[in-house]
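Q: CSV, C-alpha atoms, saved as upload_39.csv, coming up:
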```
chain,number,residue,atom,x,y,z
A,30,MET,CA,-166.0,65.2,-180.6
A,31,THR,CA,-162.6,65.0,-179.0
A,32,PRO,CA,-159.4,65.2,-181.2
A,33,TRP,CA,-158.6,61.6,-180.5
A,34,LEU,CA,-162.1,60.4,-181.5
A,35,GLY,CA,-161.9,62.7,-184.6
A,36,PHE,CA,-158.6,61.0,-185.5
A,37,GLU,CA,-160.1,57.5,-185.2
A,38,ALA,CA,-163.2,58.5,-187.2
A,39,ARG,CA,-161.1,60.0,-190.0
A,40,VAL,CA,-158.9,56.9,-190.2
A,41,ALA,CA,-161.9,54.6,-190.2
A,42,LEU,CA,-163.6,56.5,-193.0
A,43,ARG,CA,-160.4,56.5,-195.0
A,44,PHE,CA,-160.0,52.8,-194.7
A,45,LEU,CA,-163.6,52.4,-195.9
A,46,ARG,CA,-163.1,54.7,-198.8
A,47,GLU,CA,-159.9,52.9,-199.9
A,48,GLY,CA,-161.8,49.6,-200.1
A,49,ARG,CA,-164.8,51.2,-201.9
A,50,MET,CA,-166.1,48.0,-203.5
A,51,GLN,CA,-165.8,45.9,-200.4
A,52,SER,CA,-167.5,48.7,-198.3
A,53,LEU,CA,-170.3,49.1,-200.9
A,54,LEU,CA,-171.0,45.4,-201.1
A,55,ILE,CA,-171.2,44.9,-197.3
A,56,ILE,CA,-173.4,48.1,-196.9
A,57,VAL,CA,-175.7,46.7,-199.6
A,58,GLY,CA,-175.7,43.4,-197.8
A,59,VAL,CA,-176.6,45.0,-194.5
A,60,ALA,CA,-179.3,47.1,-196.2
A,61,ALA,CA,-180.8,44.0,-197.8
A,62,GLY,CA,-180.8,42.2,-194.4
A,63,VAL,CA,-182.4,45.1,-192.6
A,64,ALA,CA,-185.0,45.5,-195.3
A,65,VAL,CA,-186.0,41.8,-195.1
A,66,VAL,CA,-186.3,42.0,-191.3
A,67,ALA,CA,-188.3,45.2,-191.3
A,68,TYR,CA,-190.6,44.1,-194.2
A,69,ILE,CA,-191.2,40.7,-192.8
A,70,SER,CA,-191.9,42.1,-189.4
A,71,ALA,CA,-194.4,44.7,-190.8
A,72,LEU,CA,-196.0,42.1,-193.0
A,73,ILE,CA,-196.6,39.5,-190.2
A,74,THR,CA,-197.8,42.2,-187.8
A,75,GLY,CA,-200.3,43.5,-190.4
A,76,LEU,CA,-201.5,40.0,-191.2
A,77,GLN,CA,-202.0,39.0,-187.6
A,78,SER,CA,-203.7,42.3,-186.8
A,79,ASN,CA,-206.0,41.8,-189.8
A,80,THR,CA,-206.8,38.2,-188.8
A,81,LEU,CA,-207.5,39.2,-185.2
A,82,GLU,CA,-209.7,42.1,-186.3
A,83,LYS,CA,-211.8,39.8,-188.5
A,84,THR,CA,-211.9,37.1,-185.8
A,85,LEU,CA,-212.7,39.3,-182.8
A,86,GLY,CA,-214.9,41.6,-184.9
A,87,ALA,CA,-217.7,39.0,-184.6
A,88,GLN,CA,-217.2,37.6,-181.1
A,89,ALA,CA,-216.5,38.6,-177.5
A,90,HIS,CA,-213.1,38.5,-175.9
A,91,VAL,CA,-214.6,36.5,-173.0
A,92,SER,CA,-218.0,34.8,-172.7
A,93,LEU,CA,-219.8,33.6,-169.6
A,94,ASN,CA,-222.3,30.8,-170.3
A,95,ALA,CA,-224.7,28.7,-168.1
A,96,PRO,CA,-223.3,25.2,-167.2
A,97,ASP,CA,-224.4,22.3,-169.4
A,98,ASP,CA,-227.2,20.0,-168.2
A,99,VAL,CA,-226.1,16.6,-167.1
A,100,VAL,CA,-227.9,13.5,-165.8
A,101,VAL,CA,-226.5,11.6,-162.9
A,102,ALA,CA,-227.2,7.9,-162.8
A,103,SER,CA,-228.4,6.9,-159.3
A,104,SER,CA,-228.5,3.1,-159.8
A,105,VAL,CA,-227.1,0.2,-161.8
A,106,PRO,CA,-230.1,-1.6,-163.2
A,107,ALA,CA,-228.4,-4.0,-165.6
A,108,SER,CA,-225.1,-5.0,-167.1
A,109,GLY,CA,-223.7,-2.4,-169.3
A,110,ALA,CA,-225.7,0.4,-167.7
A,111,VAL,CA,-224.2,3.6,-166.5
A,112,ALA,CA,-222.2,3.2,-163.3
A,113,LEU,CA,-223.3,4.7,-160.0
A,114,GLY,CA,-222.5,8.4,-159.9
A,115,GLN,CA,-221.3,8.6,-163.5
A,116,THR,CA,-222.6,11.6,-165.5
A,117,GLN,CA,-224.3,11.1,-168.8
A,118,ALA,CA,-224.7,13.7,-171.5
A,119,ARG,CA,-228.2,14.8,-172.4
A,120,ALA,CA,-229.8,17.0,-175.0
A,121,GLN,CA,-229.0,20.6,-174.1
A,122,ARG,CA,-231.7,23.4,-174.0
A,123,PRO,CA,-231.2,27.1,-173.7
A,124,ARG,CA,-230.5,28.0,-170.1
A,125,SER,CA,-230.4,31.4,-168.5
A,126,LEU,CA,-227.5,32.7,-166.3
A,127,VAL,CA,-228.7,32.9,-162.7
A,128,ASN,CA,-228.9,36.6,-161.5
A,129,TRP,CA,-227.3,37.8,-164.7
A,130,SER,CA,-228.7,41.3,-164.3
A,131,ALA,CA,-227.0,41.7,-161.0
A,132,LEU,CA,-223.8,40.3,-162.4
A,133,VAL,CA,-223.5,43.0,-165.2
A,134,PRO,CA,-222.5,45.9,-163.0
A,135,ILE,CA,-220.0,43.7,-161.1
A,136,LEU,CA,-218.3,42.8,-164.4
A,137,GLU,CA,-218.4,46.4,-165.7
A,138,ALA,CA,-216.6,47.6,-162.5
A,139,MET,CA,-213.6,45.3,-163.3
A,140,PRO,CA,-210.7,47.4,-164.6
A,141,ALA,CA,-209.8,44.9,-167.3
A,142,VAL,CA,-213.4,44.9,-168.7
A,143,ALA,CA,-214.3,47.6,-171.3
A,144,ALA,CA,-217.9,46.5,-172.1
A,145,VAL,CA,-220.5,43.9,-171.1
A,146,SER,CA,-223.4,42.7,-173.3
A,147,PRO,CA,-226.2,40.3,-172.2
A,148,MET,CA,-227.3,37.9,-175.0
A,149,VAL,CA,-229.9,35.3,-175.7
A,150,ALA,CA,-228.6,32.8,-178.3
A,151,GLY,CA,-230.7,30.1,-179.9
A,152,ALA,CA,-231.4,28.3,-183.1
A,153,GLY,CA,-234.4,28.5,-185.5
A,154,LEU,CA,-235.6,28.9,-189.0
A,155,ALA,CA,-236.0,32.0,-191.2
A,156,GLN,CA,-238.8,31.8,-193.8
A,157,ARG,CA,-239.8,34.1,-196.6
A,158,GLY,CA,-242.2,32.6,-199.1
A,159,GLU,CA,-240.9,29.1,-200.1
A,160,ALA,CA,-237.4,29.8,-198.9
A,161,VAL,CA,-236.5,28.4,-195.5
A,162,LYS,CA,-233.0,28.6,-193.9
A,163,SER,CA,-231.6,27.5,-190.6
A,164,ILE,CA,-230.4,30.5,-188.5
A,165,ALA,CA,-228.5,31.4,-185.4
A,166,LEU,CA,-230.8,33.7,-183.4
A,167,VAL,CA,-229.0,36.4,-181.4
A,168,GLY,CA,-230.9,38.6,-179.0
A,169,VAL,CA,-229.1,41.7,-177.8
A,170,ASP,CA,-229.3,45.2,-176.5
A,171,LEU,CA,-227.9,47.0,-179.6
A,172,ASP,CA,-226.0,49.8,-177.8
A,173,ARG,CA,-224.3,47.3,-175.5
A,174,TYR,CA,-223.6,44.8,-178.3
A,175,ASP,CA,-222.2,47.4,-180.6
A,176,ARG,CA,-219.5,48.0,-178.0
A,177,ILE,CA,-218.5,44.4,-178.2
A,178,VAL,CA,-218.4,43.8,-182.0
A,179,HIS,CA,-218.9,47.3,-183.4
A,180,LEU,CA,-222.0,46.1,-185.3
A,181,ARG,CA,-222.9,49.5,-186.7
A,182,SER,CA,-219.6,49.7,-188.6
A,183,LYS,CA,-220.4,46.4,-190.3
A,184,VAL,CA,-223.7,47.5,-191.9
A,185,VAL,CA,-223.7,47.3,-195.7
A,186,ASP,CA,-227.3,48.3,-196.3
A,187,GLY,CA,-229.9,50.1,-194.2
A,188,VAL,CA,-229.5,51.5,-190.7
A,189,ALA,CA,-228.8,49.3,-187.6
A,190,ARG,CA,-231.9,49.6,-185.5
A,191,LEU,CA,-233.6,47.1,-183.1
A,192,GLY,CA,-237.0,48.3,-182.2
A,193,PRO,CA,-239.9,46.0,-181.4
A,194,GLY,CA,-240.6,43.7,-184.4
A,195,GLU,CA,-237.3,44.7,-186.1
A,196,GLY,CA,-234.2,42.6,-186.9
A,197,ILE,CA,-230.7,42.7,-188.5
A,198,ILE,CA,-229.5,39.8,-190.7
A,199,GLY,CA,-226.4,38.8,-192.5
A,200,ARG,CA,-226.1,39.8,-196.1
A,201,ASP,CA,-225.6,36.2,-197.4
A,202,LEU,CA,-228.7,35.1,-195.6
A,203,ALA,CA,-230.6,38.0,-197.2
A,204,ASP,CA,-229.4,36.8,-200.6
A,205,ASP,CA,-230.5,33.2,-199.8
A,206,LEU,CA,-234.0,34.4,-198.7
A,207,GLY,CA,-234.3,37.1,-201.4
A,208,VAL,CA,-234.8,39.8,-198.7
A,209,ARG,CA,-234.0,43.5,-198.8
A,210,VAL,CA,-234.1,46.2,-196.2
A,211,GLY,CA,-237.7,46.8,-195.2
A,212,ASP,CA,-238.9,43.3,-196.0
A,213,GLY,CA,-240.5,41.0,-193.5
A,214,VAL,CA,-239.0,37.6,-192.4
A,215,ASN,CA,-240.8,34.9,-190.5
A,216,ILE,CA,-238.8,33.5,-187.6
A,217,ILE,CA,-239.7,30.1,-186.3
A,218,THR,CA,-238.2,28.6,-183.1
A,219,GLY,CA,-240.0,25.4,-181.9
A,220,SER,CA,-243.7,26.3,-181.6
A,221,VAL,CA,-243.1,30.1,-181.6
A,222,ASN,CA,-243.4,32.2,-184.7
A,223,ASP,CA,-242.7,35.9,-185.1
A,224,THR,CA,-242.3,38.3,-188.1
A,225,LEU,CA,-239.5,40.7,-188.2
A,226,ARG,CA,-238.9,43.7,-190.5
A,227,VAL,CA,-235.3,43.8,-191.7
A,228,THR,CA,-233.7,47.2,-190.8
A,229,ALA,CA,-230.1,46.5,-191.9
A,230,LEU,CA,-227.8,43.9,-193.6
A,231,VAL,CA,-224.4,43.3,-192.1
A,232,ASP,CA,-221.1,41.8,-193.1
A,233,LEU,CA,-219.6,40.0,-190.1
A,234,GLY,CA,-216.4,39.1,-192.0
A,235,VAL,CA,-217.1,35.4,-192.0
A,236,ARG,CA,-219.4,33.9,-194.7
A,237,GLU,CA,-220.9,31.3,-192.4
A,238,LEU,CA,-221.9,34.0,-190.0
A,239,ASN,CA,-223.3,36.1,-192.7
A,240,ARG,CA,-225.4,33.1,-193.9
A,241,ARG,CA,-226.9,32.2,-190.5
A,242,THR,CA,-227.0,35.3,-188.2
A,243,VAL,CA,-230.3,37.0,-187.3
A,244,ILE,CA,-230.0,39.7,-184.6
A,245,VAL,CA,-233.2,40.7,-182.8
A,246,PRO,CA,-234.0,42.8,-179.7
A,247,LEU,CA,-233.2,41.0,-176.4
A,248,ARG,CA,-236.9,40.8,-175.3
A,249,ALA,CA,-237.9,39.3,-178.7
A,250,ALA,CA,-235.2,36.6,-178.4
A,251,GLN,CA,-236.3,35.8,-174.8
A,252,SER,CA,-239.8,35.2,-176.1
A,253,LEU,CA,-238.7,33.2,-179.1
A,254,VAL,CA,-236.3,31.0,-177.2
A,255,GLY,CA,-238.6,30.6,-174.2
A,256,LEU,CA,-236.4,32.4,-171.6
A,257,PRO,CA,-238.5,35.3,-170.3
A,258,GLY,CA,-236.2,37.7,-168.6
A,259,GLY,CA,-233.2,35.5,-169.2
A,260,ALA,CA,-229.8,35.7,-170.9
A,261,THR,CA,-227.9,32.6,-172.1
A,262,ASN,CA,-224.6,34.3,-171.9
A,263,LEU,CA,-222.7,37.6,-171.1
A,264,ASP,CA,-220.2,38.8,-173.6
A,265,LEU,CA,-217.2,40.8,-172.5
A,266,ALA,CA,-214.9,43.2,-174.4
A,267,LEU,CA,-211.6,43.7,-172.7
A,268,VAL,CA,-209.2,46.6,-172.6
A,269,ASP,CA,-206.4,44.3,-173.6
A,270,VAL,CA,-207.4,41.4,-175.8
A,271,TRP,CA,-204.4,39.3,-174.8
A,272,ALA,CA,-205.4,39.4,-171.2
A,273,ALA,CA,-208.5,37.2,-172.0
A,274,PRO,CA,-207.1,33.9,-170.5
A,275,ALA,CA,-206.2,35.6,-167.2
A,276,VAL,CA,-209.6,37.3,-167.0
A,277,ALA,CA,-211.4,34.1,-167.9
A,278,ALA,CA,-209.5,32.2,-165.2
A,279,GLU,CA,-210.4,34.8,-162.6
A,280,LEU,CA,-214.1,34.8,-163.5
A,281,ALA,CA,-214.2,31.0,-163.5
A,282,GLN,CA,-212.9,31.0,-159.9
A,283,ARG,CA,-215.4,33.6,-158.8
A,284,PHE,CA,-218.6,32.5,-160.5
A,285,PRO,CA,-220.2,29.1,-161.2
A,286,TYR,CA,-220.4,29.6,-164.9
A,287,GLN,CA,-218.7,28.3,-168.0
A,288,VAL,CA,-216.1,30.9,-168.9
A,289,GLU,CA,-214.4,30.9,-172.3
A,290,SER,CA,-211.8,33.2,-173.7
A,291,TRP,CA,-211.4,34.0,-177.4
A,292,GLN,CA,-208.1,32.1,-177.4
A,293,GLU,CA,-209.9,28.9,-176.2
A,294,ALA,CA,-212.6,29.4,-178.8
A,295,ASN,CA,-210.0,29.8,-181.5
A,296,ALA,CA,-207.3,27.5,-180.4
A,297,GLN,CA,-206.2,26.6,-184.0
A,298,LEU,CA,-205.9,30.3,-184.9
A,299,VAL,CA,-203.8,31.1,-181.8
A,300,SER,CA,-201.5,28.2,-182.7
A,301,ALA,CA,-201.1,29.5,-186.2
A,302,LEU,CA,-200.4,33.0,-184.9
A,303,ASN,CA,-197.8,31.6,-182.5
A,304,ALA,CA,-196.2,29.6,-185.3
A,305,GLN,CA,-196.0,32.8,-187.5
A,306,SER,CA,-194.3,34.7,-184.6
A,307,VAL,CA,-191.8,32.0,-184.1
A,308,SER,CA,-191.0,31.7,-187.8
A,309,THR,CA,-190.6,35.4,-188.0
A,310,ALA,CA,-188.2,35.5,-185.1
A,311,VAL,CA,-186.2,32.7,-186.7
A,312,ILE,CA,-186.0,34.5,-190.0
A,313,ARG,CA,-184.9,37.7,-188.2
A,314,GLY,CA,-182.2,35.8,-186.2
A,315,VAL,CA,-180.8,34.1,-189.3
A,316,VAL,CA,-180.7,37.3,-191.3
A,317,MET,CA,-178.9,39.2,-188.5
A,318,VAL,CA,-176.4,36.3,-188.2
A,319,VAL,CA,-175.7,36.6,-191.9
A,320,VAL,CA,-175.2,40.4,-191.5
A,321,VAL,CA,-172.8,39.9,-188.6
A,322,LEU,CA,-170.8,37.3,-190.6
A,323,GLY,CA,-170.7,39.5,-193.6
A,324,ILE,CA,-169.4,42.6,-191.8
A,325,SER,CA,-166.9,40.5,-189.8
A,326,SER,CA,-165.5,38.8,-193.0
A,327,VAL,CA,-165.0,42.2,-194.7
A,328,LEU,CA,-163.2,43.7,-191.7
A,329,VAL,CA,-161.0,40.6,-191.4
A,330,VAL,CA,-159.9,41.1,-195.0
A,331,SER,CA,-159.4,44.8,-194.3
A,332,VAL,CA,-157.1,44.0,-191.4
A,333,VAL,CA,-155.0,41.8,-193.6
A,334,GLN,CA,-154.8,44.4,-196.3
A,335,LYS,CA,-154.1,47.3,-193.9
A,336,GLN,CA,-151.4,45.6,-191.8
A,337,ARG,CA,-148.7,48.0,-193.1
A,338,GLU,CA,-150.8,51.1,-192.4
A,339,ILE,CA,-151.7,49.7,-188.9
A,340,GLY,CA,-148.0,49.2,-188.2
A,341,ILE,CA,-147.2,52.7,-189.3
A,342,LEU,CA,-150.0,54.1,-187.1
A,343,ARG,CA,-148.7,52.1,-184.1
A,344,ALA,CA,-145.1,53.3,-184.8
A,345,MET,CA,-146.3,56.9,-184.9
A,346,GLY,CA,-147.8,56.5,-181.4
A,347,ALA,CA,-151.3,55.2,-181.9
A,348,THR,CA,-152.3,53.0,-179.0
A,349,GLN,CA,-153.9,49.6,-179.1
A,350,GLY,CA,-157.1,51.1,-177.9
A,351,GLN,CA,-157.2,53.6,-180.8
A,352,VAL,CA,-156.6,50.9,-183.4
A,353,LEU,CA,-159.4,48.9,-181.7
A,354,ARG,CA,-161.8,51.8,-181.9
A,355,ILE,CA,-160.9,52.5,-185.6
A,356,PHE,CA,-162.3,49.1,-186.6
A,357,LEU,CA,-165.2,49.2,-184.2
A,358,LEU,CA,-166.1,52.6,-185.8
A,359,GLN,CA,-165.9,50.9,-189.2
A,360,GLY,CA,-168.4,48.3,-188.1
A,361,ALA,CA,-170.7,50.9,-186.6
A,362,ILE,CA,-170.6,53.1,-189.8
A,363,VAL,CA,-171.3,50.1,-192.0
A,364,GLY,CA,-174.2,49.0,-189.7
A,365,ALA,CA,-175.7,52.5,-189.4
A,366,VAL,CA,-175.5,53.4,-193.2
A,367,GLY,CA,-176.8,49.9,-194.1
A,368,SER,CA,-179.6,50.2,-191.6
A,369,ALA,CA,-180.7,53.6,-192.9
A,370,LEU,CA,-180.8,52.3,-196.5
A,371,GLY,CA,-182.5,49.1,-195.4
A,372,VAL,CA,-185.3,50.9,-193.6
A,373,GLY,CA,-185.9,53.0,-196.7
A,374,LEU,CA,-186.0,49.9,-198.9
A,375,ALA,CA,-188.4,48.3,-196.5
A,376,VAL,CA,-190.7,51.4,-196.8
A,377,LEU,CA,-190.5,51.1,-200.5
A,378,LEU,CA,-191.4,47.3,-200.4
A,379,ILE,CA,-194.4,48.1,-198.1
A,380,TRP,CA,-195.6,50.8,-200.5
A,381,ALA,CA,-195.4,48.4,-203.4
A,382,PHE,CA,-197.3,45.7,-201.5
A,383,THR,CA,-200.2,48.0,-200.5
A,384,THR,CA,-200.3,49.6,-204.0
A,385,PHE,CA,-200.0,46.6,-206.3
A,386,VAL,CA,-201.1,43.5,-204.3
A,387,ARG,CA,-204.9,43.4,-204.5
A,388,GLY,CA,-207.7,41.0,-203.5
A,389,SER,CA,-210.5,39.7,-205.7
A,390,ASP,CA,-212.5,42.9,-204.7
A,391,GLY,CA,-209.8,45.2,-206.0
A,392,LEU,CA,-208.9,46.4,-202.5
A,393,PRO,CA,-205.6,45.9,-200.7
A,394,LEU,CA,-205.4,42.5,-199.0
A,395,PHE,CA,-204.7,44.2,-195.7
A,396,ALA,CA,-202.9,47.3,-194.4
A,397,ILE,CA,-199.3,47.1,-193.3
A,398,THR,CA,-197.1,49.9,-191.9
A,399,LEU,CA,-193.7,50.1,-190.5
A,400,ALA,CA,-194.0,51.9,-187.2
A,401,PRO,CA,-191.2,54.5,-186.5
A,402,GLY,CA,-190.4,52.8,-183.2
A,403,ARG,CA,-190.0,49.4,-184.9
A,404,ALA,CA,-187.8,50.9,-187.6
A,405,LEU,CA,-185.6,52.5,-185.0
A,406,ARG,CA,-185.3,49.3,-183.0
A,407,ILE,CA,-184.3,47.3,-186.1
A,408,ALA,CA,-181.8,49.9,-187.2
A,409,ALA,CA,-180.3,50.1,-183.7
A,410,ILE,CA,-180.0,46.3,-183.5
A,411,ALA,CA,-178.3,46.2,-187.0
A,412,THR,CA,-175.9,48.9,-185.9
A,413,THR,CA,-175.1,47.0,-182.7
A,414,CYS,CA,-174.6,43.9,-184.8
A,415,GLY,CA,-172.1,45.9,-186.9
A,416,VAL,CA,-170.1,46.8,-183.8
A,417,LEU,CA,-170.2,43.3,-182.5
A,418,ALA,CA,-169.1,41.9,-185.9
A,419,ALA,CA,-166.0,44.2,-185.7
A,420,VAL,CA,-164.9,43.1,-182.3
A,421,ALA,CA,-162.8,40.1,-183.5
A,422,PRO,CA,-161.1,41.9,-186.4
A,423,ALA,CA,-160.5,45.0,-184.2
A,424,ARG,CA,-158.8,42.8,-181.5
A,425,ARG,CA,-156.6,41.2,-184.2
A,426,ALA,CA,-155.6,44.6,-185.6
A,427,ALA,CA,-154.8,46.0,-182.1
A,428,ALA,CA,-152.7,42.9,-181.3
A,429,LEU,CA,-150.4,43.4,-184.4
A,430,ASP,CA,-146.7,44.0,-183.6
A,431,PRO,CA,-145.8,47.3,-185.2
A,432,ALA,CA,-142.3,46.2,-186.4
A,433,GLN,CA,-143.5,43.0,-188.0
A,434,ALA,CA,-146.5,44.8,-189.6
A,435,ILE,CA,-144.2,47.4,-191.2
A,436,ARG,CA,-141.9,44.7,-192.6
A,437,ILE,CA,-144.8,42.9,-194.3
```
In structure tokens, write the structure found in this file.
A:
Amino acid sequence: MTPWLGFEARVALRFLREGRMQSLLIIVGVAAGVAVVAYISALITGLQSNTLEKTLGAQAHVSLNAPDDVVVASSVPASGAVALGQTQARAQRPRSLVNWSALVPILEAMPAVAAVSPMVAGAGLAQRGEAVKSIALVGVDLDRYDRIVHLRSKVVDGVARLGPGEGIIGRDLADDLGVRVGDGVNIITGSVNDTLRVTALVDLGVRELNRRTVIVPLRAAQSLVGLPGGATNLDLALVDVWAAPAVAAELAQRFPYQVESWQEANAQLVSALNAQSVSTAVIRGVVMVVVVLGISSVLVVSVVQKQREIGILRAMGATQGQVLRIFLLQGAIVGAVGSALGVGLAVLLIWAFTTFVRGSDGLPLFAITLAPGRALRIAAIATTCGVLAAVAPARRAAALDPAQAIRI
């Protein structure tokens, strides 16, 4: 530190000490603002991460499906009939992706793709005794599918295993059917019946999925749905989940399939997440504006109160630049001290949230943390705001005429 900078720092600290109450109040105000920004940022980030984890924990990032069946009218037999060349919807049936087995290694070679899992999806009924429930039948290769949705981590009873004649079902469906691990369940799809032995119960994070899902080996689903050797869709897990729209667009151009990203499948959720992000940004902006105005107002008052001292300093040889830096340093000190206290307060608020706010199951609603990098960025922004807030008062102080200031 140079002697001149030491002089300016000493004067800045002395001015802050002489107005202890003002300095204390504005530092507390800065700390409160930083704490609100840091806590809200951590809370929204934790909430969004938890929501995405639950949403993407039961579905692929990108899914390739066979095109829908359509009927093309070739004539106009009567008034009101379908116009020539107009497509008409028809009842859909399970269809296999053409050459899906050759497509898997091509998709796996893409840098953006982390895992690929073929699937046979269909509808049916699950029966045990007199209990009958409609189900969503899912046929998969367990090891591949686990890389998509981490199925093994969702097991609540039993061991995830899909050998011949075995199946995994949602825990709510097990309750509806009165089934436990090791029991048999009759699966009915059209004219095909098969009996599965339940090896595990899973919690997919969504009650409707837990109430309908039956997971069976890929070959078993092919037989039940009537698609020998087929796959109704290919599920992809990506290295970056937010790259799903770009990857989906690229695949749609390269292959004649229906390609859907998780954002398209969850459009309302994505809109809600975007609204949360915008709201959080607005809150952060408003709080920072309040912090800047608070620091600026205190320093303006300080300039008015210290006019005589400023005049004496100028008369003793202090330059306009030195006076300017004195007040800029005051803004930086207030911003830095307030930021440090604010980050500490935010950590305390996060601890209180995770410790005392509990869900109906007695567990924390979701985990939130304040990353060190985020805390440093918020503190740096607040300190910068403190310096910016001091610019106008500092310029006013530097522009004071020494003779007039001393006479006041």
Q: From the options A:Ser92, A:Asn128, A:Thr224, A:Gln305, which residue's atoms come nearest to Ala155 (chain A), counting only C-alpha atoms?
A: A:Thr224
Q: Need the shell around region 73-85 of chain A: protein/DNA/RNA residues with any atom at most 10 Å away, counting only C-alpha atoms. Skip same-chain ones fewer than 4 positions apart. Format as a PyMOL selection string?
A: chain A and resi 68-69+89-90+177-178+233-235+266+270+291+295+298-299+301-303+305-306+308-309+394-399
Q: Take every atom of region 412-430 of chain A listed in the file, fit an axis-aligned box around them, add 6 Å per side, and give the centre and edge lengths in Å to one decimal as lines of an AutoDock Vina configuration file.
A:
```
center_x = -161.3
center_y = 44.5
center_z = -184.1
size_x = 41.2
size_y = 20.8
size_z = 17.6
```
Q: Please report the interatomic distance between CA of Val231 (chain A) and CA of Val91 (chain A) in Å with one decimal.
A: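 Between CA of Val231 (chain A) and CA of Val91 (chain A) the gap is 22.5 Å.
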Q: Between CA of Asp212 (chain A) and CA of Val227 (chain A), what is the distance, to one decimal in Å?
A: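 Straight-line distance from CA of Asp212 (chain A) to CA of Val227 (chain A) works out to 5.6 Å.
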Q: Within 8 Å of Ser125 (chain A), counting only C-alpha atoms, which residues qualify if same-chain residues fewer than 3 places away don't, as a PyMOL selection string?
A: chain A and resi 95+256+259-262
Q: Show which residues sit within 10 Å of region 314-317 of chain A, as an NGL selection string. Count only C-alpha atoms, and ignore same-chain residues fewer than 3 positions away.
A: :A and (59 or 61-63 or 65-66 or 308-311 or 320-323 or 410-411 or 414-415)
Q: Compile the contact shell of Gly350 (chain A) as a PyMOL selection string: residues with an atom at most 10 Å away, counting all atoms listed in the file, same-chain residues fewer than 5 positions apart removed.
A: chain A and resi 355+423-424+427-428
Q: In terms of the shortest atom-to-atom distance over all atoms listed in the file, which of A:Ala67, A:Ala277, A:Val221, A:Arg200 is closest to Arg403 (chain A)?
A: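 Among the listed residues, A:Ala67 lies closest to Arg403 (chain A).
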Q: Can you list, as a compact mmCIF listing (two decimals) with C-alpha atoms, in the coordinates of the input, every protein, DNA or RNA residue that comes within 9 Å of Leu180 (chain A) when you count all atoms listed in the file, leaving out same-chain residues fewer than 6 positions away?
A:
```
# COMPACT_ATOMS: atom_id res chain seq x y z
CA GLY A 86 -214.90 41.60 -184.90
CA ALA A 87 -217.70 39.00 -184.60
CA LEU A 171 -227.90 47.00 -179.60
CA TYR A 174 -223.60 44.80 -178.30
CA ALA A 189 -228.80 49.30 -187.60
CA VAL A 231 -224.40 43.30 -192.10
CA ASP A 232 -221.10 41.80 -193.10
CA LEU A 233 -219.60 40.00 -190.10
```
Q: How many Å separate CA of Leu136 (chain A) from CA of Pro96 (chain A)?
A: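 Straight-line distance from CA of Leu136 (chain A) to CA of Pro96 (chain A) works out to 18.5 Å.
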Q: Using all atoms listed in the file, find all polymer residues with an atom at most 9 Å away from the point (-235.3, 33.5, -192.5); report them as a PyMOL selection string.
A: chain A and resi 153-157+160-164+198+202-203+205-206+208+214-217+241+243
